[in-house]
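Written out below as structure tokens is the structure these notes cover.
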Amino acid sequence: MKKFISLFLLLGLLACGEEQSVDQVIEGKDLDAIRTMRNDISGQKKALEAQLVQLDSAIAAIDGGGNLPLVTSMAVEPQLFNHYLDLQGGVSTKQNVLVYPEMAGTLVKVYVREGQRVKKGQLLGLIDDGGTSSSLAQMKAQAELAKTTYERQKRLWDQNIGSEIQFLQAKTNYEAQKNAVAQMESTLGKFRLVAPFSGVVDDVFKDQGTVVSPGPGAEVFRVVNLSDMFIEVDVPEAHLPNVTAGKTVEVYFPILDETVKTKVRQTGNFIKPGNRSFRAEIPVPALGGKVKPNMVAKVRINDYTNGEALLIPQSVVSENAAGEQYIYVVQPQEGDKNPTVTKAVIKTGLTQGDYIEVLDGIAQGTEIIIEGARSVRDKQEVKVLTSELTSNE
């Protein structure tokens, strides 16, 4: 750009020194005069361009690096490298239960409302027992009579009074009545709908007065406990040695725009034949009730860590026809000579973000080309601008 600005300035000065200016010749509308002036100026332009080429050559010869590629370099230093496996899963809880009736009858009482906290065993609803409680009362009276008869027969038998058969009949009758009462109490308990664990009543599906019965679609309540939620993800079989219990996990909830750190709680011992994966269970906090069952979560499991990794930008890595990956490194020269670049074939490992781990091919402190890596060639001299300090600073 500077060349052309200087050229136009010189042309302008030359034009001013002519007997007639360009504007004057154009106003005269003399075609021959206009063509003559154009040829003169064109010749002067070529002469000036030749002079500029000579000046550029002189500058390059004196400067010593005018035609050298400009590059920036970076010193590769060991640093902590954590690689994460990205998966997606849904939030679950093992304490998310639908409460079904075990007996048919009218729902005569609903004791709770949606959103109410309940304790384990708390009565949620009551079904009309159809006279079962009255039958139980009669059976308890009969059991008390059988108990009294048995106790009297036992005292007599201990005194060698009466027959053994009378004692055994009284004992058998008492035990039978006692078992009948226990069975009737168990049956009567099935008319009571109770909380299976402490939690929150999330839904009340049936209104008071509704006739209910066991079977599909007969649920009356949903009780949920958000204190023990987890995410279950399918991990590819290839990661079996690295994804184990205790591994660090980052969980991101897109709908909440929040991230939490946790650890793998449990991994499965079975490889699913359909997708060649195994199960990993990851506990997550409720975050004040904001995390809900079935919420989508993005999971990042730390499957590899290297405290002394050599990381370089992926953008500087090239590949040759043989499939080898290579980069260019700076070879400093003694004295005033310009540094040269050499091609270094490397072996790479895992990637994370914009960086890739180098397993072999370079050592700590190696200066690699960053900007300009695609425009240099092996053994070429370069001019290195200000270097970066580290590979991932």
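In the structure tokens, chains take letters A, B, ... by order of appearance, with residues numbered from 1 within each chain and ligands from 1 in the order shown.
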
Per-residue nearest contacts of range 53-126 of chain A to range 175-194 of chain A (6 Å; only C-alpha atoms) as JSON lines:
{"residue": "A:Glu102", "atom": "CA", "partner": "A:Lys190", "partner_atom": "CA", "distance": 5.6}
{"residue": "A:Gly121", "atom": "CA", "partner": "A:Val194", "partner_atom": "CA", "distance": 5.3}
{"residue": "A:Gln122", "atom": "CA", "partner": "A:Val194", "partner_atom": "CA", "distance": 5.3}
{"residue": "A:Leu123", "atom": "CA", "partner": "A:Val194", "partner_atom": "CA", "distance": 4.4}
{"residue": "A:Leu124", "atom": "CA", "partner": "A:Val194", "partner_atom": "CA", "distance": 5.2}
{"residue": "A:Gly125", "atom": "CA", "partner": "A:Leu193", "partner_atom": "CA", "distance": 5.0}
{"residue": "A:Leu126", "atom": "CA", "partner": "A:Arg192", "partner_atom": "CA", "distance": 4.9}

Dump of C-alpha atoms for the selected residues, as a PDB file, in the first residue's frame:
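See part_35.pdb below for the written result:
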ATOM      1  CA  GLU A 102     -55.066 -53.206  47.644  1.00  0.00           C
ATOM      2  CA  GLY A 121     -46.265 -44.857  57.565  1.00  0.00           C
ATOM      3  CA  GLN A 122     -48.465 -41.742  57.735  1.00  0.00           C
ATOM      4  CA  LEU A 123     -52.114 -42.353  56.786  1.00  0.00           C
ATOM      5  CA  LEU A 124     -52.899 -40.827  53.376  1.00  0.00           C
ATOM      6  CA  GLY A 125     -56.381 -42.166  52.687  1.00  0.00           C
ATOM      7  CA  LEU A 126     -58.988 -44.615  53.978  1.00  0.00           C
TER       8      LEU A 126
END

Helix (DSSP H, G or I) call set, DSSP backbone run, range 36-162 of chain A, as a PyMOL selection string: chain A and resi 36-63+132-158

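Proximity of A:Leu85, A:Ile362, A:Leu240, A:Val71 to Ile301 in chain A, computed with only C-alpha atoms, is greatest for A:Leu85.
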
Members of range 26-204 of chain A assigned strand (DSSP E or B) by DSSP, as a PyMOL selection string: chain A and resi 70-71+73-75+78-93+96-99+105-110+117-118+123-127+192-194+199-204

Filtering to C-alpha atoms, could you give me those residues as a tab-separated table (two decimals), in the first residue's frame?
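Output below, filename out21.tsv:
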chain	number	residue	atom	x	y	z
A	70	LEU	CA	6.60	-14.02	10.27
A	71	VAL	CA	5.59	-16.58	12.90
A	73	SER	CA	6.01	-19.60	18.85
A	74	MET	CA	5.04	-21.17	22.15
A	75	ALA	CA	7.06	-22.99	24.79
A	78	PRO	CA	3.97	-29.81	31.47
A	79	GLN	CA	0.59	-29.11	33.04
A	80	LEU	CA	-2.46	-30.78	34.50
A	81	PHE	CA	-4.73	-32.34	31.87
A	82	ASN	CA	-8.19	-33.66	32.71
A	83	HIS	CA	-10.12	-35.40	29.95
A	84	TYR	CA	-13.87	-35.75	30.22
A	85	LEU	CA	-16.31	-38.14	28.58
A	86	ASP	CA	-19.48	-36.26	27.56
A	87	LEU	CA	-22.77	-38.11	28.02
A	88	GLN	CA	-26.42	-37.28	28.59
A	89	GLY	CA	-28.89	-38.74	31.06
A	90	GLY	CA	-32.04	-38.09	33.03
A	91	VAL	CA	-32.55	-37.47	36.73
A	92	SER	CA	-34.17	-40.34	38.62
A	93	THR	CA	-35.04	-41.19	42.19
A	96	ASN	CA	-40.83	-42.03	43.44
A	97	VAL	CA	-43.79	-44.30	44.14
A	98	LEU	CA	-47.43	-44.54	43.09
A	99	VAL	CA	-49.67	-45.69	45.95
A	105	GLY	CA	-64.24	-49.95	48.02
A	106	THR	CA	-65.17	-46.31	48.39
A	107	LEU	CA	-62.41	-43.84	49.21
A	108	VAL	CA	-64.14	-42.42	52.27
A	109	LYS	CA	-61.34	-40.13	53.43
A	110	VAL	CA	-58.35	-38.30	51.93
A	117	ARG	CA	-44.79	-33.39	53.39
A	118	VAL	CA	-45.50	-36.77	54.96
A	123	LEU	CA	-52.11	-42.35	56.79
A	124	LEU	CA	-52.90	-40.83	53.38
A	125	GLY	CA	-56.38	-42.17	52.69
A	126	LEU	CA	-58.99	-44.62	53.98
A	127	ILE	CA	-61.16	-47.05	51.99
A	192	ARG	CA	-55.54	-47.97	54.74
A	193	LEU	CA	-53.33	-46.11	52.25
A	194	VAL	CA	-50.08	-45.10	53.96
A	199	GLY	CA	-41.37	-37.36	51.26
A	200	VAL	CA	-43.83	-35.08	49.50
A	201	VAL	CA	-47.27	-35.91	48.10
A	202	ASP	CA	-46.75	-34.93	44.46
A	203	ASP	CA	-50.18	-35.97	43.13
A	204	VAL	CA	-53.61	-36.90	44.48

Who sits within 9 Å of Lys383 in chain A, only C-alpha atoms, same chain under 5 positions skipped, as a PyMOL selection string: chain A and resi 65-66+68-72+338-340

May I have a table of the residues of range 134-245 of chain A lying at most 6 Å from range 277-287 of chain A, giving each one's closest pair of atoms and their distance in Å to one decimal, counting only C-alpha atoms, ordered by chain and ascending residue number, as a tab-separated table?
residue	atom	partner	partner_atom	distance
A:Met229	CA	A:Val284	CA	5.8
A:Phe230	CA	A:Pro283	CA	4.0
A:Ile231	CA	A:Ile282	CA	5.0
A:Glu232	CA	A:Glu281	CA	4.7
A:Val233	CA	A:Ala280	CA	5.5
A:Asp234	CA	A:Arg279	CA	4.9
A:Val235	CA	A:Ser277	CA	5.2
A:Pro236	CA	A:Ser277	CA	4.3
A:Glu237	CA	A:Ser277	CA	4.7

Selection file, N, CA and C atoms, as a PDB file, in the first residue's frame:
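File written: part.pdb
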ATOM      1  N   MET A 229     -31.545 -38.319  44.813  1.00  0.00           N
ATOM      2  CA  MET A 229     -31.707 -38.407  43.365  1.00  0.00           C
ATOM      3  C   MET A 229     -30.381 -38.764  42.709  1.00  0.00           C
ATOM      4  N   PHE A 230     -30.464 -39.272  41.501  1.00  0.00           N
ATOM      5  CA  PHE A 230     -29.272 -39.697  40.791  1.00  0.00           C
ATOM      6  C   PHE A 230     -29.529 -39.638  39.290  1.00  0.00           C
ATOM      7  N   ILE A 231     -28.421 -39.682  38.542  1.00  0.00           N
ATOM      8  CA  ILE A 231     -28.474 -39.731  37.082  1.00  0.00           C
ATOM      9  C   ILE A 231     -27.899 -41.070  36.652  1.00  0.00           C
ATOM     10  N   GLU A 232     -28.594 -41.722  35.751  1.00  0.00           N
ATOM     11  CA  GLU A 232     -28.125 -42.996  35.217  1.00  0.00           C
ATOM     12  C   GLU A 232     -27.774 -42.809  33.754  1.00  0.00           C
ATOM     13  N   VAL A 233     -26.520 -43.108  33.395  1.00  0.00           N
ATOM     14  CA  VAL A 233     -26.065 -42.935  32.019  1.00  0.00           C
ATOM     15  C   VAL A 233     -25.481 -44.251  31.511  1.00  0.00           C
ATOM     16  N   ASP A 234     -25.534 -44.423  30.201  1.00  0.00           N
ATOM     17  CA  ASP A 234     -24.922 -45.581  29.548  1.00  0.00           C
ATOM     18  C   ASP A 234     -23.535 -45.188  29.057  1.00  0.00           C
ATOM     19  N   VAL A 235     -22.517 -45.854  29.576  1.00  0.00           N
ATOM     20  CA  VAL A 235     -21.122 -45.552  29.243  1.00  0.00           C
ATOM     21  C   VAL A 235     -20.629 -46.585  28.226  1.00  0.00           C
ATOM     22  N   PRO A 236     -20.030 -46.154  27.108  1.00  0.00           N
ATOM     23  CA  PRO A 236     -19.511 -47.115  26.125  1.00  0.00           C
ATOM     24  C   PRO A 236     -18.524 -48.097  26.748  1.00  0.00           C
ATOM     25  N   GLU A 237     -18.561 -49.311  26.249  1.00  0.00           N
ATOM     26  CA  GLU A 237     -17.732 -50.387  26.794  1.00  0.00           C
ATOM     27  C   GLU A 237     -16.251 -50.036  26.790  1.00  0.00           C
TER      28      GLU A 237
END

Distance criterion (only C-alpha atoms): nearest to Val382 in chain A out of A:Gly349, A:Ile26, A:Met139, A:Val330: A:Val330

Contacts of Gly215 in chain A within 10 Å, only C-alpha atoms, excl. fewer than 4 positions in-chain, as a PyMOL selection string: chain A and resi 100-104+219

Distance criterion (only C-alpha atoms): nearest to Lys147 in chain A out of A:Ala170, A:Leu226, A:Val112, A:Ala50: A:Ala170

Minimum-distance residue to Lys206 in chain A, chosen among A:Asp378, A:Asp158, A:Glu164, A:Glu114 (using only C-alpha atoms): A:Glu114

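CA of Glu334 in chain A is positioned 27.1 Å from CA of Leu310 in chain A.
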